$ cat entry08.pdb   # PDB, C-alpha atoms
ATOM      1  CA  MET A   1     104.970 -70.865-112.756
ATOM      2  CA  TYR A   2     103.611 -73.053-110.020
ATOM      3  CA  VAL A   3     100.800 -71.876-107.828
ATOM      4  CA  LEU A   4     101.839 -71.069-104.276
ATOM      5  CA  MET A   5      99.692 -70.214-101.347
ATOM      6  CA  ASP A   6     101.043 -67.530 -99.081
ATOM      7  CA  PRO A   7      99.817 -68.537 -95.612
ATOM      8  CA  ALA A   8     100.839 -66.602 -92.564
ATOM      9  CA  PRO A   9     103.581 -68.391 -90.607
ATOM     10  CA  GLY A  10     102.000 -71.260 -88.696
ATOM     11  CA  ASP A  11      98.777 -71.391 -90.687
ATOM     12  CA  GLU A  12      97.774 -74.550 -92.485
ATOM     13  CA  PRO A  13      96.870 -74.527 -96.189
ATOM     14  CA  ALA A  14      93.202 -73.805 -96.711
ATOM     15  CA  ARG A  15      92.788 -75.707 -99.967
ATOM     16  CA  ASP A  16      94.352 -78.753-101.483
ATOM     17  CA  ASP A  17      96.835 -78.533-104.359
ATOM     18  CA  GLU A  18      94.411 -79.722-107.020
ATOM     19  CA  GLU A  19      91.819 -77.067-106.207
ATOM     20  CA  LEU A  20      94.478 -74.340-106.361
ATOM     21  CA  LEU A  21      95.791 -75.566-109.688
ATOM     22  CA  VAL A  22      92.308 -75.777-111.179
ATOM     23  CA  ARG A  23      91.472 -72.285-109.967
ATOM     24  CA  SER A  24      94.742 -70.919-111.377
ATOM     25  CA  ALA A  25      94.146 -72.660-114.674
ATOM     26  CA  MET A  26      90.673 -71.158-114.968
ATOM     27  CA  GLU A  27      92.006 -67.694-114.169
ATOM     28  CA  ARG A  28      94.779 -67.953-116.748
ATOM     29  CA  ALA A  29      92.429 -69.408-119.363
ATOM     30  CA  THR A  30      90.029 -66.465-119.032
ATOM     31  CA  ASP A  31      92.601 -63.741-118.281
ATOM     32  CA  GLY A  32      92.462 -60.916-120.765
ATOM     33  CA  ALA A  33      89.345 -62.219-122.503
ATOM     34  CA  PRO A  34      86.964 -59.405-123.558
ATOM     35  CA  PRO A  35      83.478 -59.388-122.013
ATOM     36  CA  LEU A  36      80.766 -61.021-124.042
ATOM     37  CA  PRO A  37      78.487 -58.551-125.863
ATOM     38  CA  ASP A  38      74.899 -58.124-124.819
ATOM     39  CA  LEU A  39      72.781 -60.861-126.312
ATOM     40  CA  VAL A  40      69.665 -60.088-128.236
ATOM     41  CA  PRO A  41      66.966 -62.712-128.533
ATOM     42  CA  GLY A  42      68.100 -63.705-131.989
ATOM     43  CA  ALA A  43      71.622 -64.506-130.742
ATOM     44  CA  LEU A  44      70.756 -66.546-127.649
ATOM     45  CA  VAL A  45      71.487 -69.861-129.297
ATOM     46  CA  GLN A  46      74.865 -68.665-130.571
ATOM     47  CA  GLY A  47      75.686 -67.304-127.097
ATOM     48  CA  ARG A  48      74.868 -70.623-125.447
ATOM     49  CA  ARG A  49      77.136 -72.431-127.895
ATOM     50  CA  ARG A  50      79.942 -69.923-127.331
ATOM     51  CA  ARG A  51      79.720 -70.336-123.554
ATOM     52  CA  ALA A  52      79.715 -74.113-123.911
ATOM     53  CA  ARG A  53      82.869 -73.986-126.009
ATOM     54  CA  ALA A  54      84.503 -71.699-123.422
ATOM     55  CA  ARG A  55      83.624 -74.087-120.621
ATOM     56  CA  VAL A  56      85.115 -76.979-122.527
ATOM     57  CA  ALA A  57      88.313 -75.021-123.193
ATOM     58  CA  ILE A  58      88.637 -74.011-119.550
ATOM     59  CA  GLY A  59      88.004 -77.568-118.386
ATOM     60  CA  ALA A  60      90.586 -78.951-120.785
ATOM     61  CA  THR A  61      93.176 -76.430-119.651
ATOM     62  CA  ALA A  62      92.518 -77.173-115.978
ATOM     63  CA  ALA A  63      92.664 -80.911-116.551
ATOM     64  CA  ALA A  64      95.944 -80.604-118.400
ATOM     65  CA  ILE A  65      97.537 -78.618-115.583
ATOM     66  CA  VAL A  66      96.221 -80.943-112.883
ATOM     67  CA  GLY A  67      97.610 -83.803-114.963
ATOM     68  CA  LEU A  68     101.079 -82.359-114.545
ATOM     69  CA  GLY A  69     100.847 -83.066-110.817
ATOM     70  CA  VAL A  70     101.450 -80.757-107.893
ATOM     71  CA  LEU A  71     103.524 -77.790-109.023
ATOM     72  CA  GLY A  72     103.058 -78.903-112.620
ATOM     73  CA  ALA A  73     102.306 -75.353-113.687
ATOM     74  CA  ALA A  74     105.914 -74.518-112.845
ATOM     75  CA  LEU A  75     107.364 -76.658-115.599
ATOM     76  CA  PRO A  76     109.696 -74.673-117.852
ATOM     77  CA  VAL A  77     108.271 -72.966-120.904
ATOM     78  CA  TRP A  78     110.098 -72.742-124.195
ATOM     79  CA  ASP A  79     111.036 -69.357-125.590
ATOM     80  CA  GLY A  80     111.726 -70.609-129.103
ATOM     81  CA  GLY A  81     115.497 -70.438-128.691
ATOM     82  CA  GLY A  82     115.900 -74.117-127.982
ATOM     83  CA  GLU A  83     116.423 -73.722-124.217
ATOM     84  CA  PRO A  84     113.727 -73.875-121.503
ATOM     85  CA  VAL A  85     113.289 -70.731-119.440
ATOM     86  CA  ARG A  86     111.460 -69.964-116.222
ATOM     87  CA  ALA A  87     108.533 -67.553-116.291
ATOM     88  CA  TRP A  88     106.911 -66.122-113.168
ATOM     89  CA  SER A  89     103.131 -65.830-112.920
ATOM     90  CA  ALA A  90     101.945 -62.374-111.947
ATOM     91  CA  ALA A  91      98.873 -63.950-110.350
ATOM     92  CA  SER A  92     101.074 -65.757-107.818
ATOM     93  CA  GLN A  93     103.272 -62.796-106.924
ATOM     94  CA  THR A  94     102.836 -60.299-104.110
ATOM     95  CA  SER A  95     105.530 -58.079-105.656
ATOM     96  CA  PRO A  96     106.029 -56.837-109.224
ATOM     97  CA  VAL A  97     107.174 -59.374-111.801
ATOM     98  CA  PRO A  98     110.976 -59.055-112.128
ATOM     99  CA  THR A  99     112.179 -57.282-115.228
ATOM    100  CA  ALA A 100     115.425 -59.253-115.476
ATOM    101  CA  THR A 101     115.773 -61.713-118.324
ATOM    102  CA  ALA A 102     114.468 -65.216-117.672
ATOM    103  CA  VAL A 103     116.931 -67.638-116.090
ATOM    104  CA  PRO A 104     117.458 -70.781-118.161
ATOM    105  CA  VAL A 105     116.790 -74.185-116.626
ATOM    106  CA  ARG A 106     120.231 -75.744-116.318
ATOM    107  CA  PRO A 107     121.040 -79.484-116.251
ATOM    108  CA  PRO A 108     121.448 -80.906-112.738
ATOM    109  CA  VAL A 109     124.733 -81.769-111.067
ATOM    110  CA  HIS A 110     124.854 -85.520-110.502
ATOM    111  CA  ILE A 111     126.207 -86.955-107.265
ATOM    112  CA  GLU A 112     126.297 -90.714-106.851
ATOM    113  CA  PRO A 113     124.902 -91.735-103.451
ATOM    114  CA  SER A 114     127.197 -93.522-101.029
ATOM    115  CA  PRO A 115     126.485 -97.180-100.195
ATOM    116  CA  GLY A 116     123.274 -97.320 -98.183
ATOM    117  CA  GLU A 117     122.394 -93.694 -98.959
ATOM    118  CA  THR A 118     119.181 -92.808-100.768
ATOM    119  CA  SER A 119     118.737 -90.087-103.358
ATOM    120  CA  MET A 120     115.906 -88.334-105.154
ATOM    121  CA  ALA A 121     116.006 -91.082-107.779
ATOM    122  CA  ASP A 122     114.530 -93.431-105.154
ATOM    123  CA  LEU A 123     111.408 -91.295-104.695
ATOM    124  CA  PRO A 124     108.027 -92.288-106.166
ATOM    125  CA  LYS A 125     107.593 -90.837-109.650
ATOM    126  CA  ASP A 126     105.053 -88.150-108.696
ATOM    127  CA  GLU A 127     107.059 -86.976-105.686
ATOM    128  CA  PHE A 128     110.282 -86.940-107.703
ATOM    129  CA  SER A 129     108.598 -84.748-110.333
ATOM    130  CA  ARG A 130     107.245 -82.368-107.686
ATOM    131  CA  GLN A 131     110.625 -81.966-106.014
ATOM    132  CA  ARG A 132     112.471 -81.579-109.315
ATOM    133  CA  VAL A 133     110.138 -78.786-110.431
ATOM    134  CA  PHE A 134     110.611 -77.077-107.060
ATOM    135  CA  GLN A 135     114.396 -77.382-107.391
ATOM    136  CA  ASN A 136     114.338 -75.859-110.875
ATOM    137  CA  GLU A 137     112.335 -72.891-109.616
ATOM    138  CA  ALA A 138     114.515 -72.491-106.512
ATOM    139  CA  ALA A 139     117.691 -72.575-108.606
ATOM    140  CA  GLY A 140     116.292 -69.815-110.813
ATOM    141  CA  VAL A 141     115.344 -67.643-107.844
ATOM    142  CA  LEU A 142     118.746 -68.128-106.207
ATOM    143  CA  GLU A 143     120.625 -67.340-109.414
ATOM    144  CA  ALA A 144     118.576 -64.172-109.913
ATOM    145  CA  LEU A 145     119.037 -62.949-106.330
ATOM    146  CA  LEU A 146     122.558 -64.015-105.351
ATOM    147  CA  PRO A 147     125.617 -61.967-106.389
ATOM    148  CA  LYS A 148     126.682 -62.583-109.986
ATOM    149  CA  ALA A 149     130.109 -63.741-108.765
ATOM    150  CA  ILE A 150     128.508 -66.982-107.613
ATOM    151  CA  GLY A 151     127.753 -67.749-111.251
ATOM    152  CA  PRO A 152     125.005 -69.973-112.613
ATOM    153  CA  VAL A 153     123.106 -71.968-109.983
ATOM    154  CA  ARG A 154     122.307 -75.601-110.704
ATOM    155  CA  LEU A 155     120.370 -78.122-108.658
ATOM    156  CA  VAL A 156     122.162 -81.187-107.278
ATOM    157  CA  ASP A 157     120.202 -84.351-107.961
ATOM    158  CA  ILE A 158     120.893 -86.219-104.726
ATOM    159  CA  ALA A 159     118.579 -84.181-102.452
ATOM    160  CA  VAL A 160     115.972 -81.438-102.790
ATOM    161  CA  ASN A 161     117.952 -79.064-100.539
ATOM    162  CA  ARG A 162     121.218 -79.240-102.515
ATOM    163  CA  TYR A 163     122.418 -76.737-105.158
ATOM    164  CA  ARG A 164     125.731 -75.548-106.588
ATOM    165  CA  GLY A 165     126.932 -72.180-107.806
ATOM    166  CA  GLY A 166     129.645 -71.615-110.355
ATOM    167  CA  GLU A 167     130.852 -73.499-113.370
ATOM    168  CA  GLY A 168     134.227 -75.156-113.719
ATOM    169  CA  SER A 169     136.287 -73.725-110.859
ATOM    170  CA  PRO A 170     135.641 -72.401-108.322
ATOM    171  CA  VAL A 171     132.263 -73.869-107.377
ATOM    172  CA  PHE A 172     130.217 -73.007-104.305
ATOM    173  CA  PRO A 173     127.970 -75.500-102.465
ATOM    174  CA  ILE A 174     124.527 -74.076-101.672
ATOM    175  CA  THR A 175     121.990 -75.470 -99.225
ATOM    176  CA  PHE A 176     118.384 -74.299 -99.252
ATOM    177  CA  SER A 177     116.536 -76.345 -96.657
ATOM    178  CA  VAL A 178     112.947 -76.052 -95.390
ATOM    179  CA  ARG A 179     112.746 -78.856 -92.835
ATOM    180  CA  PRO A 180     109.721 -79.619 -90.645
ATOM    181  CA  LEU A 181     110.346 -78.951 -86.981
ATOM    182  CA  ALA A 182     110.524 -81.896 -84.626
ATOM    183  CA  THR A 183     107.659 -82.205 -82.155
ATOM    184  CA  GLY A 184     107.208 -83.668 -78.711
ATOM    185  CA  LYS A 185     110.312 -85.018 -77.002
ATOM    186  CA  ALA A 186     112.332 -84.674 -80.216
ATOM    187  CA  ALA A 187     111.757 -80.900 -80.354
ATOM    188  CA  ARG A 188     114.842 -78.776 -79.839
ATOM    189  CA  ALA A 189     115.399 -75.160 -78.966
ATOM    190  CA  ASP A 190     116.758 -72.657 -81.469
ATOM    191  CA  ARG A 191     120.522 -72.422 -81.531
ATOM    192  CA  PRO A 192     121.928 -69.412 -79.695
ATOM    193  CA  CYS A 193     123.451 -66.674 -81.835
ATOM    194  CA  LEU A 194     127.100 -66.622 -80.753
ATOM    195  CA  ASP A 195     130.248 -64.776 -81.785
ATOM    196  CA  ILE A 196     133.383 -66.902 -81.334
ATOM    197  CA  ALA A 197     136.303 -64.894 -82.666
ATOM    198  CA  VAL A 198     138.922 -67.618 -82.209
ATOM    199  CA  LYS A 199     136.883 -69.900 -84.440
ATOM    200  CA  GLY A 200     136.110 -67.197 -86.998
ATOM    201  CA  LEU A 201     132.398 -67.323 -86.176
ATOM    202  CA  ARG A 202     130.157 -64.265 -86.247
ATOM    203  CA  CYS A 203     126.388 -64.278 -85.723
ATOM    204  CA  ASP A 204     123.950 -61.366 -85.952
ATOM    205  CA  GLU A 205     120.242 -61.288 -85.116
ATOM    206  CA  VAL A 206     118.380 -59.704 -88.036
ATOM    207  CA  SER A 207     114.776 -59.011 -88.947
ATOM    208  CA  LEU A 208     113.260 -60.082 -92.252
ATOM    209  CA  PRO A 209     110.101 -58.604 -93.805
ATOM    210  CA  GLY A 210     106.991 -59.617 -91.924
ATOM    211  CA  GLY A 211     108.780 -59.495 -88.574
ATOM    212  CA  ILE A 212     110.568 -62.825 -89.079
ATOM    213  CA  MET A 213     113.635 -62.985 -86.831
ATOM    214  CA  ALA A 214     116.682 -64.664 -88.350
ATOM    215  CA  GLN A 215     120.325 -65.358 -87.633
ATOM    216  CA  ALA A 216     122.998 -64.302 -90.132
ATOM    217  CA  ILE A 217     126.195 -66.288 -89.676
ATOM    218  CA  THR A 218     129.653 -65.938 -91.197
ATOM    219  CA  ALA A 219     132.013 -68.801 -90.400
ATOM    220  CA  ALA A 220     135.597 -69.630 -91.308
ATOM    221  CA  GLY A 221     136.051 -73.069 -92.785
ATOM    222  CA  ASN A 222     138.973 -75.033 -94.182
ATOM    223  CA  ALA A 223     142.506 -73.742 -93.691
ATOM    224  CA  LYS A 224     145.341 -74.458 -96.097
ATOM    225  CA  GLY A 225     148.731 -72.782 -96.479
ATOM    226  CA  GLY A 226     147.830 -70.106 -93.964
ATOM    227  CA  ASN A 227     144.618 -69.233 -95.841
ATOM    228  CA  THR A 228     141.054 -69.862 -94.732
ATOM    229  CA  ILE A 229     137.768 -69.840 -96.585
ATOM    230  CA  THR A 230     134.490 -68.549 -95.249
ATOM    231  CA  GLY A 231     130.866 -69.433 -95.782
ATOM    232  CA  VAL A 232     127.670 -67.573 -94.965
ATOM    233  CA  SER A 233     124.320 -68.815 -93.624
ATOM    234  CA  VAL A 234     120.922 -67.383 -92.774
ATOM    235  CA  ARG A 235     118.544 -69.442 -90.670
ATOM    236  CA  PHE A 236     115.067 -68.783 -89.281
ATOM    237  CA  THR A 237     111.781 -70.444 -88.402
ATOM    238  CA  TYR A 238     108.809 -70.140 -90.745
ATOM    239  CA  GLY A 239     105.463 -71.738 -89.943
ATOM    240  CA  HIS A 240     106.235 -75.324 -88.940
ATOM    241  CA  SER A 241     109.708 -75.432 -90.499
ATOM    242  CA  ARG A 242     113.309 -74.473 -89.892
ATOM    243  CA  VAL A 243     114.744 -72.655 -92.905
ATOM    244  CA  THR A 244     118.452 -72.589 -93.724
ATOM    245  CA  LEU A 245     120.153 -70.891 -96.668
ATOM    246  CA  THR A 246     123.909 -71.452 -96.838
ATOM    247  CA  VAL A 247     126.567 -70.599 -99.421
ATOM    248  CA  GLY A 248     129.911 -72.278 -98.790
ATOM    249  CA  GLY A 249     133.366 -71.677-100.183
ATOM    250  CA  ASP A 250     135.332 -73.909-102.571
ATOM    251  CA  ALA A 251     137.591 -76.001-100.335
ATOM    252  CA  ASP A 252     139.672 -77.290-103.251
ATOM    253  CA  ALA A 253     140.341 -73.915-104.850
ATOM    254  CA  MET A 254     140.451 -72.220-101.410
ATOM    255  CA  VAL A 255     137.995 -69.516-102.473
ATOM    256  CA  SER A 256     135.534 -68.072 -99.966
ATOM    257  CA  ALA A 257     131.851 -67.738-100.745
ATOM    258  CA  PRO A 258     131.479 -64.500-102.772
ATOM    259  CA  VAL A 259     128.529 -63.261-100.733
ATOM    260  CA  THR A 260     128.284 -61.247 -97.529
ATOM    261  CA  ALA A 261     125.912 -61.859 -94.647
ATOM    262  CA  ASP A 262     123.964 -58.712 -95.566
ATOM    263  CA  GLU A 263     123.578 -59.895 -99.162
ATOM    264  CA  LEU A 264     122.324 -63.306 -98.060
ATOM    265  CA  VAL A 265     119.869 -61.680 -95.648
ATOM    266  CA  ALA A 266     118.500 -59.672 -98.593
ATOM    267  CA  VAL A 267     118.007 -62.915-100.548
ATOM    268  CA  ALA A 268     116.238 -64.596 -97.628
ATOM    269  CA  GLY A 269     113.902 -61.620 -97.225
ATOM    270  CA  ASP A 270     112.955 -61.355-100.897
ATOM    271  CA  ALA A 271     109.294 -62.058-101.682
ATOM    272  CA  LYS A 272     110.174 -64.677-104.315
ATOM    273  CA  PHE A 273     112.361 -66.600-101.857
ATOM    274  CA  ILE A 274     109.714 -66.437 -99.121
ATOM    275  CA  GLU A 275     107.152 -67.732-101.627
ATOM    276  CA  LEU A 276     109.279 -70.848-102.108
ATOM    277  CA  VAL A 277     109.646 -71.201 -98.332
ATOM    278  CA  ALA A 278     105.880 -70.917 -97.840
ATOM    279  CA  TYR A 279     105.242 -73.655-100.399
ATOM    280  CA  ALA A 280     107.815 -76.031 -98.873
ATOM    281  CA  ASP A 281     106.472 -75.349 -95.378
ATOM    282  CA  ALA A 282     102.884 -76.139 -96.413
ATOM    283  CA  ARG A 283     103.916 -79.197 -98.476
ATOM    284  CA  PRO A 284     107.107 -80.600 -96.900
ATOM    285  CA  MET A 285     109.746 -82.313 -99.026
ATOM    286  CA  GLU A 286     112.331 -83.032 -96.334
ATOM    287  CA  ALA A 287     112.258 -85.381 -93.366
ATOM    288  CA  LYS A 288     111.261 -83.958 -90.013
ATOM    289  CA  GLU A 289     114.071 -82.850 -87.713
ATOM    290  CA  GLY A 290     115.386 -85.729 -85.657
ATOM    291  CA  SER A 291     114.967 -88.288 -88.426
ATOM    292  CA  VAL A 292     117.864 -89.541 -90.517
ATOM    293  CA  ARG A 293     117.842 -89.493 -94.312
ATOM    294  CA  GLY A 294     119.333 -92.582 -95.844
ATOM    295  CA  GLY A 295     118.748 -96.219 -96.574
TER     296      GLY A 295
END
$ encode --input "entry08.pdb" --output "structure tokens"
Amino acid sequence: MYVLMDPAPGDEPARDDEELLVRSAMERATDGAPPLPDLVPGALVQGRRRRARARVAIGATAAAIVGLGVLGAALPVWDGGGEPVRAWSAASQTSPVPTATAVPVRPPVHIEPSPGETSMADLPKDEFSRQRVFQNEAAGVLEALLPKAIGPVRLVDIAVNRYRGGEGSPVFPITFSVRPLATGKAARADRPCLDIAVKGLRCDEVSLPGGIMAQAITAAGNAKGGNTITGVSVRFTYGHSRVTLTVGGDADAMVSAPVTADELVAVAGDAKFIELVAYADARPMEAKEGSVRGG
């Protein structure tokens, strides 16, 4: 599991990524090790050798993890069954480690970019790896927290904020965006929370853990044959970022998103989800508001 700082909203990270990874590696390398016995004069030499070997082992472990790049410690681990699985690190959690079975890392959904549009494949190698690891972890968290009716959650390879629920049909588009707020003249006010019945729009002001105020929105979408589909969103500000979590309906199959506003609010307030938000806020992966992604 990657190492995430948990800064208070608005705070800047206190240490760089490499220092955090090294510290985590050292803690994991020594975790559970029994204390060394008292040394008598005749064993001093052996003790010095033992400590030297331990330092070498710790250094090698730290170097290997740093070599994976930022978030490298989040790379999937193998459970021996031939399929990578995600494993959460208790050291990085502020809540108990979930008891549910590990969520497998699923292959991404490929979307070919339109002419002139960029995709994650155009990123520098290190940044691509960082974002892909984040997407894998986010997909696992979303699959574990969202209603089972949404089905398996897979990342979409065109952008770090794109995911998809379901397999076959129906499928449900998911957006999980942590986008830096615009500053200066480009800054914009928060959208008002409005109910517009004729447009099938409902918005409720809700409070997440930690006193974070959010908007929970249910909106009617496409209409076909007298039927409409609905999608659900939760949006809020965290630190220096605007956070949006949206689950849409399947416009082709005309199936609404199988999640309620209350259920999505519970996902957005979960400690594991907020941990992902805190990481993306401290180390942005999306363009600042007001800029346009593309070629």
$ resolve_selection --input "entry08.pdb" --expression "the PyMOL selection byres ((chain A and resi 189-195) around 10)" --output "JSON, numbers by chain"
{"A": [187, 188, 196, 197, 198, 199, 200, 201, 202, 203, 204, 205, 214, 215, 216, 217, 218, 219, 235, 236, 237, 242]}
$ residues_around --input "entry08.pdb" --residues "Pro209 of chain A" --least-positions-apart "5" --cutoff "10 Å" --atoms "only C-alpha atoms" --output "count of residues only"
6
$ closest_residue --input "entry08.pdb" --among "A:Leu181, A:Val234, A:Ala282, A:Leu276" --to "Leu264 of chain A" --atoms "only C-alpha atoms"
A:Val234
$ resolve_selection --input "entry08.pdb" --expression "the PyMOL selection byres ((chain A and resi 138-151) around 7)" --output "ChimeraX atom specification"
/A:103,134-137,152-155,165-167,258-259,267,272-273
$ closest_residue --input "entry08.pdb" --among "A:Pro124, A:Asn222, A:Ala159, A:Arg164" --to "Pro107 of chain A" --atoms "only C-alpha atoms"
A:Arg164
$ atom_distance --input "entry08.pdb" --atom1 "atom CA of Arg162 of chain A" --atom2 "atom CA of Met213 of chain A"
23.8 Å
$ atom_distance --input "entry08.pdb" --atom1 "atom CA of Arg106 of chain A" --atom2 "atom CA of Arg179 of chain A"
24.8 Å
$ atom_distance --input "entry08.pdb" --atom1 "atom CA of Ser119 of chain A" --atom2 "atom CA of His240 of chain A"
24.1 Å
$ residues_around --input "entry08.pdb" --residues "Ser177 of chain A" --least-positions-apart "4" --cutoff "10 Å" --atoms "all atoms listed in the file" --output "NGL selection string"
:A and (159-162 or 235 or 241-246 or 277 or 280 or 285-286)
$ residues_around --input "entry08.pdb" --residues "Ser256 of chain A" --least-positions-apart "2" --cutoff "10 Å" --atoms "all atoms listed in the file" --output "PDB file with C-alpha atoms, keeping the file's coordinate frame"
ATOM      1  CA  PRO A 170     135.641 -72.401-108.322  1.00  0.00           C
ATOM      2  CA  VAL A 171     132.263 -73.869-107.377  1.00  0.00           C
ATOM      3  CA  PHE A 172     130.217 -73.007-104.305  1.00  0.00           C
ATOM      4  CA  ALA A 220     135.597 -69.630 -91.308  1.00  0.00           C
ATOM      5  CA  GLY A 221     136.051 -73.069 -92.785  1.00  0.00           C
ATOM      6  CA  ASN A 222     138.973 -75.033 -94.182  1.00  0.00           C
ATOM      7  CA  THR A 228     141.054 -69.862 -94.732  1.00  0.00           C
ATOM      8  CA  ILE A 229     137.768 -69.840 -96.585  1.00  0.00           C
ATOM      9  CA  THR A 230     134.490 -68.549 -95.249  1.00  0.00           C
ATOM     10  CA  GLY A 231     130.866 -69.433 -95.782  1.00  0.00           C
ATOM     11  CA  VAL A 232     127.670 -67.573 -94.965  1.00  0.00           C
ATOM     12  CA  VAL A 247     126.567 -70.599 -99.421  1.00  0.00           C
ATOM     13  CA  GLY A 248     129.911 -72.278 -98.790  1.00  0.00           C
ATOM     14  CA  GLY A 249     133.366 -71.677-100.183  1.00  0.00           C
ATOM     15  CA  ASP A 250     135.332 -73.909-102.571  1.00  0.00           C
ATOM     16  CA  ALA A 251     137.591 -76.001-100.335  1.00  0.00           C
ATOM     17  CA  ALA A 253     140.341 -73.915-104.850  1.00  0.00           C
ATOM     18  CA  MET A 254     140.451 -72.220-101.410  1.00  0.00           C
ATOM     19  CA  PRO A 258     131.479 -64.500-102.772  1.00  0.00           C
ATOM     20  CA  VAL A 259     128.529 -63.261-100.733  1.00  0.00           C
TER      21      VAL A 259
END
$ closest_atom_pairs --input "entry08.pdb" --of "segment 148-262 of chain A" --to "segment 109-118 of chain A" --cutoff "6 Å" --atoms "only C-alpha atoms" --output "Markdown table"
| residue | atom | partner | partner_atom | distance |
| --- | --- | --- | --- | --- |
| A:Val156 | CA | A:Val109 | CA | 4.6 |
| A:Asp157 | CA | A:His110 | CA | 5.4 |
| A:Ile158 | CA | A:Ile111 | CA | 5.9 |
$ closest_residue --input "entry08.pdb" --among "A:Ser169, A:Val265, A:Lys224, A:Val178" --to "Ile212 of chain A" --atoms "only C-alpha atoms"
A:Val265
$ closest_residue --input "entry08.pdb" --among "A:Pro104, A:Pro284, A:Pro173, A:Gly290" --to "Val255 of chain A" --atoms "all atoms listed in the file"
A:Pro173
